[in-house]
Structure formats: structure tokens, C-alpha cells
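Peer 1: Can you read through this structure? Questions will come right after.
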Amino acid sequence: METVKLYDERPYDTKFEAVIVSIDKNVIVLDQTLFFPEEGGQECDLGTINGMKVKDVQIKDGVIYHTVKKHDFHIGDHVTGIIDWERRYSFMQNHSGEHLLSGIVHHLYGYENVSFHLNNEEGTVEYSGPIEDLDLLEEKVNNAIYENKNIHCFYPEDPHTLEYRSKKEIKGRIRIVEIEDYDVCACCAPHVRSTGEIGVFKILKSINTSRGTRFTFVCGKRAYKRFREDFKQLEALYHLFSSNQKTLLKQVNKMYEEKNALDIRYNQLERKYLMSLIDGPY
């Protein structure tokens with residue numbers, strides 16, 4: 001029997017009741033769960049079941065398996081599960097941000113999303129062609145966030161009547177995530193209710209690949225934490241160089257040029273000294 005996916009309809013809930021239907025050592029199956037398993041390129045939810053830490057959640061053939069560190073459970077036990085909300089919401093912000101980015105990339109360039117991974121630190125997404133204007137892309141994604149568009153997750157009665165993005169052919173019921181005016185995509189993960197909840201979007205890195213372009217990105221609280229840490233580093237550099245936002249780069253470049261000149265002069269003097277130690281006409 002497939003596990004009832006409570007996170008489909010209740011992505012903002014953090015606590016649930018369930019019954020244990022099977023146990024295999026430290027792996028337990030519940031009749032229903034709020035824990036999102038590792039799926040669709042996203043890492044799983046973490047949390048506790050009756051106070052026992054859940055360290056992994058996987059899905060196979062519709063059955064969700066929860067791995068706990070230790071337990072004294074029995075089949076038929078009624079248990080309480082609590083998910084790590086900070087982790088869940090961070091994943092929701094960043095996964096919704098990726099959908100918004102991919103919808104805009106598809107609209108601007110016609111490229112497909114060919115790979116996606118979201119861990120606890122950042123997300124990576126790869127597209128099927130070259131993308132050069134990152135400033136334009138960031139601006140469009142953040143403008144869509146400010147517009148606070150609705151995000152609707154649902155199972156359509158007849159998905160064949162919809163035009164939607166999907167990285168692979170899906171068997172069984174198809175869950176659709178629709179971002180108003182921006183994207184329609186098949187996806188199994190929990191999402192925020194509106195683009196405004198994504199908060200902010202930032203591309204950290206862009207590299208060219210054999211298939212196209214890969215971005216590393218952050219959204220929401222992750223982006224805020226990154227901005228905060230980067231600002232602390234900049235403040236330290238401003239102080240170190242007695243500089244500010246307008247003059248720091250110029251001073252660093254000047255120091256770099258001076259260092260290169262000193263390196264060249266040092267190598268010349270070293271060679272001259274070594275030659276002076278050698279007997280004979282050189």
C-alpha cells in the first residue's frame with residue numbers, strides 16, 4: 001500500500017499522527033507522512049518520530065521509508081512525527097525559486113532544464129543552451145518575486161490537456177506546480193504559496209557545460225545569510241584597506257600590480273645572485 005503523502009496537501013504543517021505499518025531494523029513505514037523523501041533532485045526532510053531522530057527518508061514504488069537512529073517501535077504503534085520546519089521552508093523557498101528561474105529561462109531562450117539538485121546549502125540547475133546575461137535574468141526573477149504571484153500545486157484530471165515542463169516522462173498521477181503568468185511544471189516537492197515568499201534570488205556561480213549552462217543559486221533565508229556574511233567580509237576589507245565600496249577594487253588591483261612587479265624584480269635579483277656564484281663566463 002502506498003504511503004499517503006500529507007505534504008502534498010499540507011506543506012505548511014509540521015506535526016502529524018500516523019500508524020506504523022512495517023519495520024525493517026531501523027527503517028520504518030507509516031500509513032501517512034509529512035516527511036518529503038529524497039526525490040526530484042531535492043534532499044529529504046529531517047525531524048523526529050516520537051522524539052527519535054529521522055536521518056533519511058526515501059521513496060520506492062510509492063512507499064516512503066523513514067530511517068531512524070534507534071527506536072523501540074512495533075507494528076501498529078500510533079506515533080507523532082515532527083518535521084524540521086526551518087529546513088523544510090528553506091527547501092520550499094529555493095525549489096520555488098528554481099521553478100521561477102526555469103520558467104523565465106524557458107520563456108526567454110526556449111531552453112530545457114536538464115538537471116537539478118537542491119541540498120541544504122544551495123541549488124544547482126543546468127539548462128540546454130548558453131546564457132550570458134545573468135544580470136537580466138536575476139532582474140526578471142526578482143521582479144517576479146516582487147509581483148507576489150500565486151503558486152498553485154494540484155493533480156489535474158487530464159494532464160494531457162496542459163502544456164507543462166518536465167525533465168522526464170512520468171508514470172501514474174502527475175502533480176503540477178503552476179506559477180501564475182510564469183511557469184507550469186510537473187513536480188513532486190512542496191512549494192511556497194506565492195512568489196513573494198521566495199524572498200530574493202541570487203546566482204552565485206555560472207559555468208559552461210557540454211550541455212549548456214549550469215547555475216548555482218540561493219533564495220530566501222539562504223540568500224540573506226549569504227549577503228550578510230559577504231557584507232561582513234567586505235566591511236573587514238574596507239577597514240583593512242581604509243577604503244569603501246567605490247575605491248576597494250581599485251586599491252586591490254593596484255596592490256596586485258605592485259606585487260607582480262615585486263615578484264618580477266625578486267626573480268631578476270635571485271637569478272643575478274645565483275649567476276654570481278657560478279665560476280666561468282656566463
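Starting from 1 in every chain, residues are counted up; chains themselves are A, B, ... following the order of the C-alpha cells, and ligands are numbered from 1 as listed.
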Please identify the helix (DSSP H, G or I) residues within range 12-116 of chain A (assignment by DSSP from backbone atoms) and present them as a list of chain:residue names.
Peer 2: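 Written out, the helix (DSSP H, G or I) residues of range 12-116 of chain A are A:Trp85, A:Glu86, A:Arg87, A:Arg88, A:Tyr89, A:Ser90, A:Phe91, A:Met92, A:Gln93, A:Asn94, A:His95, A:Ser96, A:Gly97, A:Glu98, A:His99, A:Leu100, A:Leu101, A:Ser102, A:Gly103, A:Ile104, A:Val105, A:His106, A:His107, A:Leu108, A:Tyr109.
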Peer 1: Give me the residues of range 93-129 of chain A that have any atom at most 7 Å from an atom of range 39-57 of chain A; for each, the nearest atom pair and the distance in Å, rounded to one decimal. Use only C-alpha atoms, sort by chain and number, and format it as CSV.
Peer 2:
residue,atom,partner,partner_atom,distance
A:Phe116,CA,A:Gly41,CA,5.5
A:His117,CA,A:Gly41,CA,4.5
A:Leu118,CA,A:Gln42,CA,4.7
A:Asn119,CA,A:Glu43,CA,5.6
Peer 1: Between A:Phe154, A:Phe201, A:Tyr224, A:Tyr65, which residue has the minimum interatomic distance to Cys188 in chain A, considering only C-alpha atoms?
Peer 2: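 With only C-alpha atoms as the atom set, the closest residue is A:Phe154.
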Peer 1: Hey, what's within 8 Å of Leu137 in chain A if we count only C-alpha atoms and toss same-chain stuff fewer than 5 positions away? As a VMD selection string, please?
Peer 2: chain A and resid 101 104 to 105
Peer 1: Would you output that residue set with C-alpha atoms, as a short mmCIF file (atom, residue, chain, number, x, y, z; two decimals), in the first residue's frame?
Peer 2:
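What ended up in out00.cif:
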data_model
loop_
_atom_site.label_atom_id
_atom_site.label_comp_id
_atom_site.auth_asym_id
_atom_site.auth_seq_id
_atom_site.Cartn_x
_atom_site.Cartn_y
_atom_site.Cartn_z
CA LEU A 101 14.05 30.79 -12.85
CA ILE A 104 11.77 32.55 -17.25
CA VAL A 105 14.75 30.83 -18.93
#
Peer 1: Report as JSON lines: every residue of range 58-177 of chain A with an atom at most 12 Å from range 13-31 of chain A, its closest pair of atoms, and their distance in Å to one decimal, counting only C-alpha atoms, with rows sorted by chain and ascending residue number.
Peer 2:
{"residue": "A:Gln58", "atom": "CA", "partner": "A:Val27", "partner_atom": "CA", "distance": 9.9}
{"residue": "A:Ile59", "atom": "CA", "partner": "A:Val29", "partner_atom": "CA", "distance": 10.2}
{"residue": "A:Lys60", "atom": "CA", "partner": "A:Val29", "partner_atom": "CA", "distance": 11.3}
{"residue": "A:Gly62", "atom": "CA", "partner": "A:Val29", "partner_atom": "CA", "distance": 11.2}
{"residue": "A:Val63", "atom": "CA", "partner": "A:Val29", "partner_atom": "CA", "distance": 7.5}
{"residue": "A:Ile64", "atom": "CA", "partner": "A:Val29", "partner_atom": "CA", "distance": 6.3}
{"residue": "A:Tyr65", "atom": "CA", "partner": "A:Val29", "partner_atom": "CA", "distance": 5.2}
{"residue": "A:His66", "atom": "CA", "partner": "A:Ile28", "partner_atom": "CA", "distance": 5.3}
{"residue": "A:Thr67", "atom": "CA", "partner": "A:Val27", "partner_atom": "CA", "distance": 4.4}
{"residue": "A:Val68", "atom": "CA", "partner": "A:Asn26", "partner_atom": "CA", "distance": 5.5}
{"residue": "A:Lys69", "atom": "CA", "partner": "A:Asn26", "partner_atom": "CA", "distance": 6.7}
{"residue": "A:Lys70", "atom": "CA", "partner": "A:Asn26", "partner_atom": "CA", "distance": 6.3}
{"residue": "A:His71", "atom": "CA", "partner": "A:Asn26", "partner_atom": "CA", "distance": 7.2}
{"residue": "A:Asp72", "atom": "CA", "partner": "A:Asn26", "partner_atom": "CA", "distance": 9.6}
{"residue": "A:Phe73", "atom": "CA", "partner": "A:Ile20", "partner_atom": "CA", "distance": 8.1}
{"residue": "A:His74", "atom": "CA", "partner": "A:Ile20", "partner_atom": "CA", "distance": 7.2}
{"residue": "A:Ile75", "atom": "CA", "partner": "A:Ile20", "partner_atom": "CA", "distance": 5.2}
{"residue": "A:Gly76", "atom": "CA", "partner": "A:Ile20", "partner_atom": "CA", "distance": 5.2}
{"residue": "A:Asp77", "atom": "CA", "partner": "A:Ile20", "partner_atom": "CA", "distance": 5.5}
{"residue": "A:His78", "atom": "CA", "partner": "A:Val19", "partner_atom": "CA", "distance": 4.6}
{"residue": "A:Val79", "atom": "CA", "partner": "A:Ala18", "partner_atom": "CA", "distance": 5.5}
{"residue": "A:Thr80", "atom": "CA", "partner": "A:Glu17", "partner_atom": "CA", "distance": 4.7}
{"residue": "A:Gly81", "atom": "CA", "partner": "A:Phe16", "partner_atom": "CA", "distance": 5.3}
{"residue": "A:Ile82", "atom": "CA", "partner": "A:Lys15", "partner_atom": "CA", "distance": 4.5}
{"residue": "A:Ile83", "atom": "CA", "partner": "A:Thr14", "partner_atom": "CA", "distance": 5.3}
{"residue": "A:Asp84", "atom": "CA", "partner": "A:Thr14", "partner_atom": "CA", "distance": 7.4}
{"residue": "A:Trp85", "atom": "CA", "partner": "A:Thr14", "partner_atom": "CA", "distance": 6.3}
{"residue": "A:Glu86", "atom": "CA", "partner": "A:Thr14", "partner_atom": "CA", "distance": 10.0}
{"residue": "A:Arg87", "atom": "CA", "partner": "A:Thr14", "partner_atom": "CA", "distance": 11.1}
{"residue": "A:Arg88", "atom": "CA", "partner": "A:Thr14", "partner_atom": "CA", "distance": 9.0}
{"residue": "A:Tyr89", "atom": "CA", "partner": "A:Thr14", "partner_atom": "CA", "distance": 10.3}
Peer 1: Sort by chain and increasing residue number a table of all residues of range 103-128 of chain A within 10 Å of range 162-183 of chain A, each with its closest pair of atoms and their distance in Å to one decimal, counting only C-alpha atoms, and write it as a tab-separated table.
Peer 2:
residue	atom	partner	partner_atom	distance
A:Gly103	CA	A:Asp183	CA	4.7
A:Ile104	CA	A:Tyr182	CA	6.6
A:His106	CA	A:Asp183	CA	8.8
A:His107	CA	A:Tyr182	CA	8.3
A:Glu112	CA	A:Lys167	CA	7.8
A:Asn113	CA	A:Lys167	CA	6.6
A:Val114	CA	A:Lys167	CA	6.2
A:Ser115	CA	A:Lys167	CA	7.7
A:Phe116	CA	A:Lys167	CA	9.4
Peer 1: Can I get the selection written as a PDB file, in the first residue's frame, with N, CA and C atoms?
Peer 2:
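After the write, again29.pdb holds the following:
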ATOM      1  N   GLY A 103      11.203  28.739 -15.536  1.00  0.00           N
ATOM      2  CA  GLY A 103      10.124  29.236 -16.379  1.00  0.00           C
ATOM      3  C   GLY A 103      10.552  30.446 -17.188  1.00  0.00           C
ATOM      4  N   ILE A 104      11.297  31.343 -16.562  1.00  0.00           N
ATOM      5  CA  ILE A 104      11.768  32.545 -17.248  1.00  0.00           C
ATOM      6  C   ILE A 104      12.832  32.198 -18.292  1.00  0.00           C
ATOM      7  N   HIS A 106      13.048  29.374 -19.891  1.00  0.00           N
ATOM      8  CA  HIS A 106      12.330  28.719 -20.989  1.00  0.00           C
ATOM      9  C   HIS A 106      11.628  29.755 -21.871  1.00  0.00           C
ATOM     10  N   HIS A 107      11.057  30.775 -21.238  1.00  0.00           N
ATOM     11  CA  HIS A 107      10.357  31.823 -21.994  1.00  0.00           C
ATOM     12  C   HIS A 107      11.341  32.667 -22.810  1.00  0.00           C
ATOM     13  N   GLU A 112      15.601  23.916 -22.076  1.00  0.00           N
ATOM     14  CA  GLU A 112      15.027  22.975 -21.114  1.00  0.00           C
ATOM     15  C   GLU A 112      15.924  22.860 -19.884  1.00  0.00           C
ATOM     16  N   ASN A 113      15.315  22.571 -18.766  1.00  0.00           N
ATOM     17  CA  ASN A 113      16.027  22.247 -17.533  1.00  0.00           C
ATOM     18  C   ASN A 113      16.447  20.780 -17.631  1.00  0.00           C
ATOM     19  N   VAL A 114      17.753  20.533 -17.740  1.00  0.00           N
ATOM     20  CA  VAL A 114      18.223  19.162 -17.964  1.00  0.00           C
ATOM     21  C   VAL A 114      18.743  18.498 -16.693  1.00  0.00           C
ATOM     22  N   SER A 115      18.982  19.275 -15.633  1.00  0.00           N
ATOM     23  CA  SER A 115      19.368  18.670 -14.349  1.00  0.00           C
ATOM     24  C   SER A 115      19.123  19.670 -13.229  1.00  0.00           C
ATOM     25  N   PHE A 116      18.866  19.128 -12.049  1.00  0.00           N
ATOM     26  CA  PHE A 116      18.562  19.973 -10.891  1.00  0.00           C
ATOM     27  C   PHE A 116      18.941  19.224  -9.627  1.00  0.00           C
TER      28      PHE A 116
END
Peer 1: Which of range 33-76 of chain A counts as strand (DSSP E) under DSSP, as an mmCIF file with N, CA, C and O atoms, in the first residue's frame please?
Peer 2:
data_model
loop_
_atom_site.group_PDB
_atom_site.id
_atom_site.type_symbol
_atom_site.label_atom_id
_atom_site.label_comp_id
_atom_site.auth_asym_id
_atom_site.auth_seq_id
_atom_site.Cartn_x
_atom_site.Cartn_y
_atom_site.Cartn_z
ATOM 1 N N THR A 33 2.489 10.380 5.981
ATOM 2 C CA THR A 33 3.645 11.124 6.470
ATOM 3 C C THR A 33 3.689 12.536 5.903
ATOM 4 O O THR A 33 3.217 12.788 4.790
ATOM 5 N N GLY A 47 13.737 15.428 10.872
ATOM 6 C CA GLY A 47 12.879 15.726 12.009
ATOM 7 C C GLY A 47 12.892 14.575 12.994
ATOM 8 O O GLY A 47 13.924 13.893 13.151
ATOM 9 N N THR A 48 11.745 14.324 13.626
ATOM 10 C CA THR A 48 11.665 13.244 14.619
ATOM 11 C C THR A 48 10.356 12.474 14.482
ATOM 12 O O THR A 48 9.357 13.004 13.996
ATOM 13 N N ILE A 49 10.390 11.228 14.929
ATOM 14 C CA ILE A 49 9.184 10.412 15.102
ATOM 15 C C ILE A 49 9.192 9.927 16.541
ATOM 16 O O ILE A 49 10.107 9.214 16.960
ATOM 17 N N MET A 52 12.427 10.346 18.227
ATOM 18 C CA MET A 52 13.568 9.674 17.624
ATOM 19 C C MET A 52 13.961 10.410 16.338
ATOM 20 O O MET A 52 13.113 10.679 15.488
ATOM 21 N N LYS A 53 15.243 10.732 16.175
ATOM 22 C CA LYS A 53 15.682 11.496 15.018
ATOM 23 C C LYS A 53 15.544 10.696 13.725
ATOM 24 O O LYS A 53 15.985 9.554 13.637
ATOM 25 N N VAL A 54 14.958 11.332 12.728
ATOM 26 C CA VAL A 54 14.872 10.762 11.383
ATOM 27 C C VAL A 54 16.084 11.260 10.594
ATOM 28 O O VAL A 54 16.268 12.462 10.431
ATOM 29 N N LYS A 55 16.916 10.343 10.125
ATOM 30 C CA LYS A 55 18.151 10.762 9.449
ATOM 31 C C LYS A 55 18.111 10.566 7.943
ATOM 32 O O LYS A 55 18.991 11.054 7.232
ATOM 33 N N ASP A 56 17.080 9.889 7.424
ATOM 34 C CA ASP A 56 16.954 9.736 5.976
ATOM 35 C C ASP A 56 15.513 9.342 5.651
ATOM 36 O O ASP A 56 14.845 8.655 6.448
ATOM 37 N N VAL A 57 15.046 9.805 4.481
ATOM 38 C CA VAL A 57 13.709 9.446 4.013
ATOM 39 C C VAL A 57 13.801 9.156 2.524
ATOM 40 O O VAL A 57 14.265 9.994 1.753
ATOM 41 N N GLN A 58 13.367 7.967 2.123
ATOM 42 C CA GLN A 58 13.421 7.550 0.727
ATOM 43 C C GLN A 58 12.050 7.057 0.267
ATOM 44 O O GLN A 58 11.197 6.719 1.085
ATOM 45 N N ILE A 59 11.856 7.034 -1.051
ATOM 46 C CA ILE A 59 10.599 6.553 -1.614
ATOM 47 C C ILE A 59 10.880 5.539 -2.704
ATOM 48 O O ILE A 59 11.819 5.698 -3.489
ATOM 49 N N LYS A 60 10.081 4.473 -2.732
ATOM 50 C CA LYS A 60 10.184 3.460 -3.776
ATOM 51 C C LYS A 60 8.795 2.891 -4.029
ATOM 52 O O LYS A 60 8.127 2.417 -3.104
ATOM 53 N N VAL A 63 5.972 3.936 -1.748
ATOM 54 C CA VAL A 63 6.106 3.682 -0.305
ATOM 55 C C VAL A 63 7.269 4.516 0.228
ATOM 56 O O VAL A 63 8.362 4.510 -0.355
ATOM 57 N N ILE A 64 7.029 5.224 1.334
ATOM 58 C CA ILE A 64 8.044 6.119 1.900
ATOM 59 C C ILE A 64 8.683 5.462 3.119
ATOM 60 O O ILE A 64 7.981 5.044 4.051
ATOM 61 N N TYR A 65 10.010 5.390 3.109
ATOM 62 C CA TYR A 65 10.777 4.697 4.146
ATOM 63 C C TYR A 65 11.526 5.724 4.993
ATOM 64 O O TYR A 65 12.306 6.522 4.472
ATOM 65 N N HIS A 66 11.302 5.683 6.306
ATOM 66 C CA HIS A 66 11.947 6.600 7.245
ATOM 67 C C HIS A 66 13.029 5.842 8.008
ATOM 68 O O HIS A 66 12.738 4.833 8.665
ATOM 69 N N THR A 67 14.262 6.325 7.939
ATOM 70 C CA THR A 67 15.360 5.709 8.684
ATOM 71 C C THR A 67 15.616 6.512 9.946
ATOM 72 O O THR A 67 15.848 7.727 9.887
ATOM 73 N N VAL A 68 15.558 5.837 11.096
ATOM 74 C CA VAL A 68 15.795 6.489 12.382
ATOM 75 C C VAL A 68 17.062 5.925 13.002
ATOM 76 O O VAL A 68 17.511 4.826 12.660
#
Peer 1: Quick one: pull the distance between CA of Ala144 in chain A and CA of Gly196 in chain A, Å, one decimal.
Peer 2: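 One can read the CA of Ala144 in chain A to CA of Gly196 in chain A distance as 8.2 Å.
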Peer 1: Go ahead and compute the interatomic distance for CA of Glu147 in chain A and CA of Ser96 in chain A, in Å to one decimal.
Peer 2: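 One can read the CA of Glu147 in chain A to CA of Ser96 in chain A distance as 14.3 Å.
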Peer 1: So, with only C-alpha atoms as the atoms that count, which of A:Tyr127, A:Tyr111, A:Phe217, A:Tyr155 lies closest to Glu98 in chain A?
Peer 2: A:Phe217
Peer 1: In Å, how far is it from CA of Thr216 in chain A to CA of Ile203 in chain A?
Peer 2: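 Value for the CA of Thr216 in chain A-CA of Ile203 in chain A distance: 5.9 Å.
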Peer 1: Between A:Pro156, A:Gly199, A:Pro190, A:Gly212, which has the minimum distance to Arg10 in chain A (counting only C-alpha atoms)?
Peer 2: A:Pro190
